[in-house]
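What follows is one structure encoded as structure tokens, with my remarks underneath.
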Amino acid sequence: MAFLQIDKLLQTVVNQKVSDLHITSGQPPVVRVSGHMVRLETKSLEAEDCVALMKSITPERNQQELQEKGGTDFGFAFGEQARFRVAVFKQRGHIGMVLRRIPNEFLTFAQLGLPPIIAELIARPRGLFLVTGPTGSGKTTSLASMINYLNDTVDHHIITMEDPIEYYHKHKKCTINQREVGVDVPSFPEALRRALRMDPDVILVGEMRDLDTIQAAITAAETGHVVFGTLHTTGAEGTVNRIIDVFPTSQQEQIRTQLSTAIIGVLSQALLPKKPKGLVAAYEMLVVTPAIANLIRENKTYRINSSIQTGRKFGMQLLDDALFNLWKSGLCEEKDVVGKSNNPGELRNKIANFKKGILEEESEEEDDDDGH
């Protein structure tokens with residue numbers, strides 16, 4: 001019974017292209033559409049419905065983890081149509097679930113609106129490329145697009161370590177081995193250590209959470225591999241500081257030097273509602289030039305943002321400029337772009353001045369009309 005129900009729900013999610021399905025007792029299933037939570041027109045779920053739905057899709061080992069830790073995550077395939085990343089948890093003693101839809105198709109850089117310079121950066125023989133942003137900002141999708149781009153263009157060995165695996169990659173030009181943390185390998189540091197013995201060209205580290213993982217990723221990038229990593233930071237400047245701050249003070253100077261030679265770029269992203277519906281991403285792009293490597297080494301990260309501003313010719317862009325352009329081109333509401341901004345006050349002023357400029361131009365044109 002429950003499996004029929006979950007099948008029906010997942011089919012709805014796929015058909016309506018919603019991003020998430022929320023299941024909790026005391027209300028009908030809820031889906032997230034273009035950023036908004038919408039209740040499905042069906043009956044309210046009881047606690048036992050939630051348990052039945054959970055059991056119909058949750059692997060045995062995850063059910064055990066749910067009992068022991070009160071929560072568990074896993075990925076699963078809904079036939080050929082989609083994959084889902086599932087979070088199961090307890091709330092008020094009952095079971096709740098959130099299923100995030102992972103599309104089956106890979107989007108191109110152009111479709112995602114990614115800065116074109118990325119294609120050049122990731123084709124380098126080595127270096128650390130970071131993709132950052134809050135949860136749900138589309139980091140996984142951007143990374144999958146980059147791995148897919150390499151898979152179409154070069155003959156590399158790519159190893160990914162993910163928790164859980166979201167996008168599945170087929171071997172095209174590249175050989176791609178995807179390792180799931182908790183299933184194929186116990187931890188990120190362990191996976192990284194092993195990866196270096198597996199003749200990789202490219203390593204993707206799903207999350208750079210702790211000192212061991214960050215240290216190993218930097219070392220791998222220095223020794224002739226391209227390493228992709230993700231962090232939950234906003235903005236390029238904050239990302240660099242965050243990596244350095246993970247280390248004890250006595251090691252920070254050495255890490256600055258290491259990072260300045262290893263890092264090739266930081267892509268920072270935010271996802272926001274698009275008018276009239278859908279979502280659109282705004283990107284900040286830091287390309288690590290010799291001048292920027294110098295700022296990192298000399299602990300002058302506070303100057304990174306102004307360097308991004310003047311580094312347009314290298315393909316750089318500040319998040320707030322990207323947000324301003326989304327507003328100016330009529331794709332997003334003012335409140336949404338200001339809400340995602342790194343400097344909300346400044347962005348608000350810039351928008352106000354732009355509006356004022358238009359008004360002034362209009363009134364000058366009117367004056368001209370009178371003059372003739």
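Lettering and numbering for the structure tokens are positional, with chains as A, B, ... in the shown order, residues counted from 1 in each chain, and ligands counted from 1 in the shown order.
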Quick one: residues within 9 Å of Val205 (chain A), only C-alpha atoms, excluding same-chain residues fewer than 3 positions away - as a PDB file with all heavy atoms, in the first residue's frame?
ATOM      1  N   ILE A 159      37.856  10.634  -9.732  1.00  0.00           N
ATOM      2  CA  ILE A 159      37.332   9.948  -8.547  1.00  0.00           C
ATOM      3  C   ILE A 159      36.487  10.948  -7.775  1.00  0.00           C
ATOM      4  O   ILE A 159      36.939  12.059  -7.493  1.00  0.00           O
ATOM      5  CB  ILE A 159      38.473   9.462  -7.629  1.00  0.00           C
ATOM      6  CG1 ILE A 159      39.355   8.449  -8.368  1.00  0.00           C
ATOM      7  CG2 ILE A 159      37.916   8.821  -6.351  1.00  0.00           C
ATOM      8  CD1 ILE A 159      40.615   8.081  -7.614  1.00  0.00           C
ATOM      9  N   THR A 160      35.254  10.576  -7.454  1.00  0.00           N
ATOM     10  CA  THR A 160      34.442  11.454  -6.614  1.00  0.00           C
ATOM     11  C   THR A 160      34.211  10.769  -5.277  1.00  0.00           C
ATOM     12  O   THR A 160      34.135   9.538  -5.203  1.00  0.00           O
ATOM     13  CB  THR A 160      33.067  11.773  -7.245  1.00  0.00           C
ATOM     14  OG1 THR A 160      32.192  10.643  -7.083  1.00  0.00           O
ATOM     15  CG2 THR A 160      33.183  12.118  -8.716  1.00  0.00           C
ATOM     16  N   MET A 161      34.151  11.572  -4.215  1.00  0.00           N
ATOM     17  CA  MET A 161      33.749  11.049  -2.912  1.00  0.00           C
ATOM     18  C   MET A 161      32.592  11.907  -2.437  1.00  0.00           C
ATOM     19  O   MET A 161      32.723  13.127  -2.313  1.00  0.00           O
ATOM     20  CB  MET A 161      34.925  11.034  -1.935  1.00  0.00           C
ATOM     21  CG  MET A 161      35.859  12.188  -2.066  1.00  0.00           C
ATOM     22  SD  MET A 161      37.528  11.799  -1.559  1.00  0.00           S
ATOM     23  CE  MET A 161      38.228  11.110  -3.021  1.00  0.00           C
ATOM     24  N   GLU A 162      31.445  11.267  -2.246  1.00  0.00           N
ATOM     25  CA  GLU A 162      30.210  12.011  -2.006  1.00  0.00           C
ATOM     26  C   GLU A 162      29.414  11.394  -0.863  1.00  0.00           C
ATOM     27  O   GLU A 162      29.541  10.216  -0.580  1.00  0.00           O
ATOM     28  CB  GLU A 162      29.358  12.006  -3.284  1.00  0.00           C
ATOM     29  CG  GLU A 162      30.085  12.554  -4.512  1.00  0.00           C
ATOM     30  CD  GLU A 162      29.316  12.313  -5.802  1.00  0.00           C
ATOM     31  OE1 GLU A 162      28.229  12.890  -5.956  1.00  0.00           O
ATOM     32  OE2 GLU A 162      29.787  11.533  -6.640  1.00  0.00           O
ATOM     33  N   PHE A 188      35.643  10.977   4.634  1.00  0.00           N
ATOM     34  CA  PHE A 188      36.288  11.788   3.598  1.00  0.00           C
ATOM     35  C   PHE A 188      37.821  11.732   3.672  1.00  0.00           C
ATOM     36  O   PHE A 188      38.472  11.511   2.655  1.00  0.00           O
ATOM     37  CB  PHE A 188      35.809  13.248   3.661  1.00  0.00           C
ATOM     38  CG  PHE A 188      34.468  13.459   3.005  1.00  0.00           C
ATOM     39  CD1 PHE A 188      33.353  13.788   3.756  1.00  0.00           C
ATOM     40  CD2 PHE A 188      34.323  13.338   1.628  1.00  0.00           C
ATOM     41  CE1 PHE A 188      32.108  13.982   3.148  1.00  0.00           C
ATOM     42  CE2 PHE A 188      33.088  13.532   1.004  1.00  0.00           C
ATOM     43  CZ  PHE A 188      31.982  13.854   1.771  1.00  0.00           C
ATOM     44  N   ALA A 191      38.953   8.470   2.314  1.00  0.00           N
ATOM     45  CA  ALA A 191      38.715   8.382   0.866  1.00  0.00           C
ATOM     46  C   ALA A 191      39.785   9.154   0.101  1.00  0.00           C
ATOM     47  O   ALA A 191      40.291   8.696  -0.928  1.00  0.00           O
ATOM     48  CB  ALA A 191      37.325   8.936   0.538  1.00  0.00           C
ATOM     49  N   LEU A 192      40.155  10.332   0.625  1.00  0.00           N
ATOM     50  CA  LEU A 192      41.161  11.160  -0.033  1.00  0.00           C
ATOM     51  C   LEU A 192      42.533  10.498  -0.005  1.00  0.00           C
ATOM     52  O   LEU A 192      43.271  10.519  -0.988  1.00  0.00           O
ATOM     53  CB  LEU A 192      41.241  12.512   0.674  1.00  0.00           C
ATOM     54  CG  LEU A 192      40.665  13.692  -0.087  1.00  0.00           C
ATOM     55  CD1 LEU A 192      40.513  14.886   0.838  1.00  0.00           C
ATOM     56  CD2 LEU A 192      41.528  14.064  -1.273  1.00  0.00           C
ATOM     57  N   MET A 208      34.295  19.648   2.359  1.00  0.00           N
ATOM     58  CA  MET A 208      35.550  19.900   3.053  1.00  0.00           C
ATOM     59  C   MET A 208      35.223  20.473   4.427  1.00  0.00           C
ATOM     60  O   MET A 208      35.239  21.677   4.624  1.00  0.00           O
ATOM     61  CB  MET A 208      36.411  20.860   2.230  1.00  0.00           C
ATOM     62  CG  MET A 208      36.937  20.182   0.986  1.00  0.00           C
ATOM     63  SD  MET A 208      37.785  21.263  -0.159  1.00  0.00           S
ATOM     64  CE  MET A 208      38.956  22.110   0.865  1.00  0.00           C
ATOM     65  N   THR A 213      40.491  16.752   6.080  1.00  0.00           N
ATOM     66  CA  THR A 213      40.030  16.745   4.687  1.00  0.00           C
ATOM     67  C   THR A 213      40.607  17.932   3.926  1.00  0.00           C
ATOM     68  O   THR A 213      41.073  17.795   2.792  1.00  0.00           O
ATOM     69  CB  THR A 213      38.484  16.787   4.630  1.00  0.00           C
ATOM     70  OG1 THR A 213      37.973  15.769   5.490  1.00  0.00           O
ATOM     71  CG2 THR A 213      37.967  16.538   3.239  1.00  0.00           C
ATOM     72  N   ALA A 217      43.134  17.779   0.779  1.00  0.00           N
ATOM     73  CA  ALA A 217      42.700  18.335  -0.512  1.00  0.00           C
ATOM     74  C   ALA A 217      43.738  19.317  -1.049  1.00  0.00           C
ATOM     75  O   ALA A 217      44.061  19.313  -2.242  1.00  0.00           O
ATOM     76  CB  ALA A 217      41.348  19.020  -0.363  1.00  0.00           C
ATOM     77  N   VAL A 227      41.533  19.279  -7.965  1.00  0.00           N
ATOM     78  CA  VAL A 227      40.655  18.893  -6.857  1.00  0.00           C
ATOM     79  C   VAL A 227      39.482  19.858  -6.802  1.00  0.00           C
ATOM     80  O   VAL A 227      39.667  21.076  -6.754  1.00  0.00           O
ATOM     81  CB  VAL A 227      41.419  18.919  -5.508  1.00  0.00           C
ATOM     82  CG1 VAL A 227      40.491  18.525  -4.363  1.00  0.00           C
ATOM     83  CG2 VAL A 227      42.629  17.989  -5.556  1.00  0.00           C
ATOM     84  N   PHE A 228      38.275  19.294  -6.845  1.00  0.00           N
ATOM     85  CA  PHE A 228      37.069  20.098  -6.643  1.00  0.00           C
ATOM     86  C   PHE A 228      36.625  19.906  -5.203  1.00  0.00           C
ATOM     87  O   PHE A 228      36.601  18.772  -4.717  1.00  0.00           O
ATOM     88  CB  PHE A 228      35.927  19.606  -7.538  1.00  0.00           C
ATOM     89  CG  PHE A 228      36.129  19.869  -8.999  1.00  0.00           C
ATOM     90  CD1 PHE A 228      36.494  18.845  -9.859  1.00  0.00           C
ATOM     91  CD2 PHE A 228      35.944  21.140  -9.518  1.00  0.00           C
ATOM     92  CE1 PHE A 228      36.670  19.076 -11.213  1.00  0.00           C
ATOM     93  CE2 PHE A 228      36.123  21.382 -10.875  1.00  0.00           C
ATOM     94  CZ  PHE A 228      36.484  20.353 -11.725  1.00  0.00           C
ATOM     95  N   GLY A 229      36.257  20.986  -4.537  1.00  0.00           N
ATOM     96  CA  GLY A 229      35.760  20.852  -3.169  1.00  0.00           C
ATOM     97  C   GLY A 229      34.590  21.777  -2.951  1.00  0.00           C
ATOM     98  O   GLY A 229      34.411  22.761  -3.678  1.00  0.00           O
ATOM     99  N   THR A 230      33.750  21.461  -1.966  1.00  0.00           N
ATOM    100  CA  THR A 230      32.648  22.379  -1.645  1.00  0.00           C
ATOM    101  C   THR A 230      32.726  22.791  -0.186  1.00  0.00           C
ATOM    102  O   THR A 230      33.187  22.038   0.674  1.00  0.00           O
ATOM    103  CB  THR A 230      31.259  21.736  -1.877  1.00  0.00           C
ATOM    104  OG1 THR A 230      31.036  20.755  -0.864  1.00  0.00           O
ATOM    105  CG2 THR A 230      31.151  21.080  -3.221  1.00  0.00           C
TER     106      THR A 230
END
**Message:** Please list as a ChimeraX atom specification every residue within 9 Å of region 52-63 of chain A, counting only C-alpha atoms and excluding residues in the same chain fewer than 4 positions away.
**Reply:** /A:1-3,5-6,23,47-48,67-68,71-74,76,86,88,95-97
**Message:** So, with only C-alpha atoms as the atoms that count, which of A:Thr257, A:Thr233, A:Ser44, A:Ser142 lies closest to Gln111 (chain A)?
**Reply:**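 The answer is A:Ser142, which sits nearest to Gln111 (chain A).
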Could you give me, as a tab-separated table, a per-residue list for region 152-270 of chain A showing, wherever an atom lies at most 10 Å from an atom of region 322-340 of chain A, the closest pair of atoms and their distance in Å to one decimal, using only C-alpha atoms and sorting by chain then residue number from low to high?
residue	atom	partner	partner_atom	distance
A:Thr234	CA	A:Lys340	CA	9.7
A:Gln269	CA	A:Lys340	CA	9.7
A:Ala270	CA	A:Lys340	CA	6.8
**Message:** For Val14 (chain A), find every residue with an atom within 9 Å (counting only C-alpha atoms), except residues of its own chain fewer than 6 positions away, and show them as an MDAnalysis selection string.
**Reply:** chainID A and resid 81:82 101 103
Could you write those residues out with N, CA, C and O atoms, as a tab-separated table (two decimals), in the first residue's frame?
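For reference, selection27.tsv as written:
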chain	number	residue	atom	x	y	z
A	81	GLN	N	13.60	7.76	-14.14
A	81	GLN	CA	13.08	9.13	-14.25
A	81	GLN	C	13.84	10.16	-13.43
A	81	GLN	O	14.00	11.30	-13.84
A	82	ALA	N	14.29	9.79	-12.24
A	82	ALA	CA	14.98	10.76	-11.39
A	82	ALA	C	15.68	10.03	-10.27
A	82	ALA	O	15.39	8.86	-9.99
A	101	ARG	N	14.71	16.22	-5.27
A	101	ARG	CA	14.83	15.62	-6.61
A	101	ARG	C	16.15	16.01	-7.25
A	101	ARG	O	16.52	17.18	-7.27
A	103	PRO	N	17.83	15.96	-10.81
A	103	PRO	CA	17.47	15.70	-12.21
A	103	PRO	C	18.42	14.69	-12.83
A	103	PRO	O	19.57	14.56	-12.41
**Request:** In Å, rounded to a single decimal, give me how far CA of Lys274 (chain A) is from CA of Ile165 (chain A).
**Result:** 27.9 Å
**Request:** Step one, run DSSP on the backbone; step two, keep only residues of region 177-298 of chain A assigned to alpha helix (DSSP H); then write them as JSON, numbers by chain.
**Result:** {"A": [188, 189, 190, 191, 192, 193, 194, 195, 211, 212, 213, 214, 215, 216, 217, 218, 219, 220, 221, 222, 236, 237, 238, 239, 240, 241, 242, 243, 244, 245, 249, 250, 251, 252, 253, 254, 255, 256, 257, 258, 259, 260, 261, 262, 290, 291, 292, 293, 294, 295, 296, 297]}
**Message:** Calculated over only C-alpha atoms, which of the candidates A:Gly357, A:Gly75, A:Gly70, A:Gly127 has the smallest distance to Gln258 (chain A)?
**Reply:**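 Between A:Gly357, A:Gly75, A:Gly70, A:Gly127, the residue approaching Gln258 (chain A) most closely is A:Gly127.
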Per residue of region 140-239 of chain A within 9 Å of region 295-318 of chain A, which atom pair is closest and at what distance in Å (one decimal), using only C-alpha atoms, listed by chain and increasing number, as CSV?
residue,atom,partner,partner_atom,distance
A:Gly235,CA,A:Leu318,CA,8.2
A:Ala236,CA,A:Ile304,CA,7.8
A:Glu237,CA,A:Ile304,CA,6.0
A:Gly238,CA,A:Thr301,CA,8.6
**Prompt:** Could you pull out all residues of region 105-294 of chain A with a DSSP call of strand (DSSP E) and give them as JSON, numbers by chain?
**Reply:** {"A": [127, 128, 129, 130, 131, 132, 157, 158, 159, 160, 161, 162, 175, 176, 177, 178, 179, 180, 202, 203, 204, 205, 226, 227, 228, 229, 230, 231, 263, 264, 265, 266, 267, 268, 269, 270, 271, 272, 273, 279, 280, 281, 282, 283, 284, 285, 286, 287]}
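Closest to Asn294 (chain A) among A:Thr261, A:Thr223, A:Ser187, A:Thr42 is A:Thr261, based on only C-alpha atoms.
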**Asked** Expressed in Å to a single decimal, how great is the separation between CA of Asp155 (chain A) and CA of His225 (chain A)?
**Response**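 Atom-to-atom, CA of Asp155 (chain A) and CA of His225 (chain A) are spaced 13.9 Å apart.
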**Message:** Between CA of Phe106 (chain A) and CA of Thr239 (chain A), what is the distance in Å, rounded to a tenth?
**Reply:** 26.3 Å
**Message:** Env of Val246 (chain A): 12 Å cut, atoms = only C-alpha atoms, seq-sep filter 3 positions within chain, self excluded. Answer as a VMD selection string.
**Reply:** chain A and resid 208 to 215 239 to 243 249 to 252 255 to 256
